[in-house]
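K.L.:
Okay, so here is model_10.cif, and as you'll see once you scroll down, it has mmCIF, N, CA and C atoms.
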```cif
data_work
loop_
_atom_site.label_atom_id
_atom_site.label_comp_id
_atom_site.auth_asym_id
_atom_site.auth_seq_id
_atom_site.Cartn_x
_atom_site.Cartn_y
_atom_site.Cartn_z
N MET A 1 128.73 158.45 143.09
CA MET A 1 128.98 157.06 142.78
C MET A 1 128.66 156.82 141.31
N THR A 2 129.54 156.09 140.64
CA THR A 2 129.34 155.83 139.21
C THR A 2 128.31 154.72 139.01
N LYS A 3 127.87 154.61 137.77
CA LYS A 3 126.90 153.56 137.42
C LYS A 3 127.50 152.17 137.67
N THR A 4 128.76 152.02 137.32
CA THR A 4 129.43 150.73 137.53
C THR A 4 129.52 150.39 139.01
N GLN A 5 129.88 151.36 139.84
CA GLN A 5 129.94 151.12 141.28
C GLN A 5 128.58 150.69 141.82
N LYS A 6 127.53 151.33 141.37
CA LYS A 6 126.17 150.97 141.82
C LYS A 6 125.82 149.55 141.40
N GLN A 7 126.21 149.18 140.17
CA GLN A 7 125.94 147.82 139.69
C GLN A 7 126.69 146.79 140.53
N ILE A 8 127.94 147.08 140.87
CA ILE A 8 128.74 146.16 141.68
C ILE A 8 128.09 145.97 143.05
N ILE A 9 127.72 147.06 143.68
CA ILE A 9 127.10 146.99 145.01
C ILE A 9 125.80 146.19 144.95
N LYS A 10 124.99 146.44 143.94
CA LYS A 10 123.71 145.74 143.81
C LYS A 10 123.94 144.23 143.68
N LYS A 11 124.92 143.85 142.87
CA LYS A 11 125.19 142.41 142.66
C LYS A 11 125.78 141.77 143.91
N ILE A 12 126.66 142.50 144.60
CA ILE A 12 127.25 141.96 145.83
C ILE A 12 126.18 141.76 146.90
N GLU A 13 125.26 142.70 146.99
CA GLU A 13 124.19 142.59 147.99
C GLU A 13 123.31 141.37 147.75
N MET A 14 123.30 140.85 146.54
CA MET A 14 122.48 139.68 146.22
C MET A 14 123.19 138.37 146.53
N LEU A 15 124.49 138.43 146.81
CA LEU A 15 125.25 137.21 147.07
C LEU A 15 125.07 136.72 148.50
N PRO A 16 125.12 135.41 148.68
CA PRO A 16 125.10 134.87 150.05
C PRO A 16 126.38 135.27 150.80
N GLU A 17 126.29 135.39 152.09
CA GLU A 17 127.41 135.80 152.95
C GLU A 17 128.66 134.96 152.72
N MET A 18 128.48 133.67 152.46
CA MET A 18 129.63 132.78 152.33
C MET A 18 130.56 133.14 151.16
N TYR A 19 130.10 133.96 150.22
CA TYR A 19 130.94 134.35 149.08
C TYR A 19 131.61 135.71 149.25
N LEU A 20 131.28 136.42 150.27
CA LEU A 20 131.81 137.78 150.42
C LEU A 20 133.31 137.80 150.68
N ARG A 21 133.84 136.83 151.39
CA ARG A 21 135.30 136.77 151.63
C ARG A 21 136.04 136.63 150.29
N GLU A 22 135.47 135.81 149.42
CA GLU A 22 136.08 135.61 148.10
C GLU A 22 136.06 136.92 147.28
N ILE A 23 134.99 137.66 147.38
CA ILE A 23 134.90 138.97 146.70
C ILE A 23 135.95 139.91 147.26
N LEU A 24 136.10 139.94 148.57
CA LEU A 24 137.10 140.81 149.19
C LEU A 24 138.51 140.41 148.76
N ASP A 25 138.80 139.13 148.68
CA ASP A 25 140.10 138.66 148.21
C ASP A 25 140.35 139.12 146.77
N PHE A 26 139.32 139.05 145.94
CA PHE A 26 139.47 139.48 144.55
C PHE A 26 139.74 140.99 144.47
N VAL A 27 139.05 141.76 145.28
CA VAL A 27 139.29 143.22 145.31
C VAL A 27 140.73 143.50 145.71
N ASP A 28 141.24 142.79 146.70
CA ASP A 28 142.64 142.97 147.12
C ASP A 28 143.60 142.61 145.97
N PHE A 29 143.29 141.54 145.25
CA PHE A 29 144.10 141.14 144.10
C PHE A 29 144.13 142.24 143.05
N ILE A 30 142.98 142.81 142.75
CA ILE A 30 142.90 143.88 141.75
C ILE A 30 143.68 145.11 142.21
N LYS A 31 143.62 145.42 143.48
CA LYS A 31 144.38 146.56 144.01
C LYS A 31 145.88 146.33 143.84
N GLN A 32 146.34 145.13 144.09
CA GLN A 32 147.76 144.80 143.91
C GLN A 32 148.17 144.91 142.45
N ARG A 33 147.30 144.42 141.57
CA ARG A 33 147.59 144.50 140.13
C ARG A 33 147.65 145.95 139.67
N GLU A 34 146.75 146.78 140.18
CA GLU A 34 146.74 148.20 139.81
C GLU A 34 148.03 148.87 140.26
N LYS A 35 148.51 148.53 141.46
CA LYS A 35 149.76 149.11 141.95
C LYS A 35 150.92 148.68 141.07
N LYS A 36 150.94 147.40 140.69
CA LYS A 36 152.00 146.90 139.81
C LYS A 36 151.97 147.64 138.48
N ASP A 37 150.77 147.82 137.92
CA ASP A 37 150.64 148.53 136.65
C ASP A 37 151.11 149.98 136.78
N ARG A 38 150.78 150.61 137.91
CA ARG A 38 151.19 152.00 138.16
C ARG A 38 152.72 152.07 138.27
N ASP A 39 153.31 151.12 138.97
CA ASP A 39 154.78 151.08 139.10
C ASP A 39 155.44 150.87 137.73
N THR A 40 154.85 150.00 136.92
CA THR A 40 155.39 149.74 135.58
C THR A 40 155.33 151.01 134.73
N ARG A 41 154.20 151.71 134.77
CA ARG A 41 154.08 152.96 134.00
C ARG A 41 155.11 153.98 134.47
N TYR A 42 155.35 154.05 135.76
CA TYR A 42 156.35 154.98 136.30
C TYR A 42 157.74 154.64 135.76
N LEU A 43 158.11 153.36 135.85
CA LEU A 43 159.43 152.94 135.38
C LEU A 43 159.57 153.12 133.87
N ASP A 44 158.47 152.87 133.13
CA ASP A 44 158.50 153.06 131.68
C ASP A 44 158.78 154.52 131.31
N GLY A 45 158.43 155.43 132.20
CA GLY A 45 158.64 156.84 131.94
C GLY A 45 160.07 157.31 132.17
N ILE A 46 160.91 156.47 132.73
CA ILE A 46 162.30 156.83 133.00
C ILE A 46 163.16 156.38 131.83
N LYS A 47 163.83 157.32 131.21
CA LYS A 47 164.64 157.03 130.04
C LYS A 47 165.72 155.99 130.37
N GLY A 48 165.81 154.96 129.54
CA GLY A 48 166.85 153.95 129.66
C GLY A 48 166.50 152.75 130.52
N VAL A 49 165.39 152.80 131.26
CA VAL A 49 165.06 151.69 132.16
C VAL A 49 164.73 150.42 131.38
N LYS A 50 163.93 150.53 130.34
CA LYS A 50 163.57 149.33 129.56
C LYS A 50 164.81 148.65 129.00
N GLU A 51 165.70 149.46 128.43
CA GLU A 51 166.91 148.91 127.84
C GLU A 51 167.79 148.25 128.91
N SER A 52 167.86 148.86 130.07
CA SER A 52 168.66 148.32 131.16
C SER A 52 168.10 146.97 131.62
N ILE A 53 166.80 146.86 131.71
CA ILE A 53 166.17 145.61 132.12
C ILE A 53 166.41 144.53 131.07
N ARG A 54 166.24 144.89 129.81
CA ARG A 54 166.50 143.91 128.74
C ARG A 54 167.94 143.41 128.78
N LYS A 55 168.86 144.33 128.98
CA LYS A 55 170.27 143.96 129.07
C LYS A 55 170.52 143.05 130.28
N GLY A 56 169.92 143.40 131.41
CA GLY A 56 170.10 142.62 132.63
C GLY A 56 169.55 141.21 132.53
N ARG A 57 168.49 141.04 131.77
CA ARG A 57 167.90 139.70 131.60
C ARG A 57 168.85 138.74 130.89
N LYS A 58 169.73 139.29 130.07
CA LYS A 58 170.67 138.46 129.32
C LYS A 58 171.88 138.04 130.15
N GLU A 59 172.11 138.71 131.27
CA GLU A 59 173.27 138.40 132.10
C GLU A 59 173.06 137.12 132.91
N LYS A 60 174.14 136.38 133.08
CA LYS A 60 174.10 135.21 133.95
C LYS A 60 174.21 135.71 135.39
N PRO A 61 173.48 135.09 136.34
CA PRO A 61 173.53 135.56 137.73
C PRO A 61 174.95 135.66 138.29
N GLY A 62 175.83 134.75 137.93
CA GLY A 62 177.20 134.79 138.43
C GLY A 62 178.01 135.95 137.90
N ASP A 63 177.58 136.52 136.78
CA ASP A 63 178.29 137.64 136.17
C ASP A 63 177.82 139.00 136.70
N CYS A 64 176.74 139.00 137.47
CA CYS A 64 176.18 140.25 137.98
C CYS A 64 177.04 140.81 139.11
N LYS A 65 177.06 142.12 139.21
CA LYS A 65 177.78 142.76 140.31
C LYS A 65 176.95 142.66 141.58
N THR A 66 177.62 142.57 142.70
CA THR A 66 176.95 142.55 144.00
C THR A 66 176.79 143.98 144.49
N LEU A 67 176.00 144.15 145.55
CA LEU A 67 175.85 145.48 146.15
C LEU A 67 177.21 146.00 146.65
N GLU A 68 178.01 145.09 147.15
CA GLU A 68 179.34 145.48 147.62
C GLU A 68 180.19 145.99 146.45
N ASP A 69 180.06 145.33 145.28
CA ASP A 69 180.82 145.72 144.09
C ASP A 69 180.52 147.16 143.67
N ILE A 70 179.29 147.58 143.86
CA ILE A 70 178.93 148.93 143.43
C ILE A 70 178.94 149.94 144.57
N GLY A 71 179.41 149.49 145.75
CA GLY A 71 179.59 150.40 146.87
C GLY A 71 178.33 150.73 147.66
N TRP A 72 177.38 149.84 147.67
CA TRP A 72 176.14 150.10 148.42
C TRP A 72 176.18 149.53 149.84
N ARG A 73 177.23 148.81 150.20
CA ARG A 73 177.30 148.25 151.55
C ARG A 73 178.66 148.46 152.12
#
```
Take the structure I supplied and represent it as structure tokens, if you would.

P.N.:
Amino acid sequence: MTKTQKQIIKKIEMLPEMYLREILDFVDFIKQREKKDRDTRYLDGIKGVKESIRKGRKEKPGDCKTLEDIGWR
């Protein structure tokens, strides 16, 4: 266990029970953010993805191709 983990546990143990649900919610939020960051790093590693996203942001929704247009359905 790291020093930081020990500090977190020590501080949580000092909190009243009524705050523990809030701590758990925050941990879940951080886990979701970490997954988003991991997904972003993965996509950033694929050549051309950033440019494709930038280009797509400029398109009007009505001008976009549908899944049927590209043969996915």

K.L.:
Give me, as JSON, numbers by chain, the residues of chain A that a backbone DSSP run labels helix (DSSP H, G or I).

P.N.:
{"A": [3, 4, 5, 6, 7, 8, 9, 10, 11, 12, 13, 17, 18, 19, 20, 21, 22, 23, 24, 25, 26, 27, 28, 29, 30, 31, 32, 33, 34, 35, 36, 37, 38, 39, 40, 41, 42, 43, 44, 49, 50, 51, 52, 53, 54, 55, 56, 57, 58, 61, 62, 63]}

K.L.:
Rounded to one decimal, what separation in Å do you get between atom N of A:Arg41 and atom CA of A:Phe26?

P.N.:
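Computing it gives 21.5 Å between the two atoms.
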
K.L.:
Provide the atom N of A:Val27 to atom C of A:Lys11 distance in Å, to one decimal place.

P.N.:
13.3 Å

K.L.:
Just how far from atom N of A:Val49 is atom CA of A:Gln32, in Å to one decimal?

P.N.:
23.1 Å
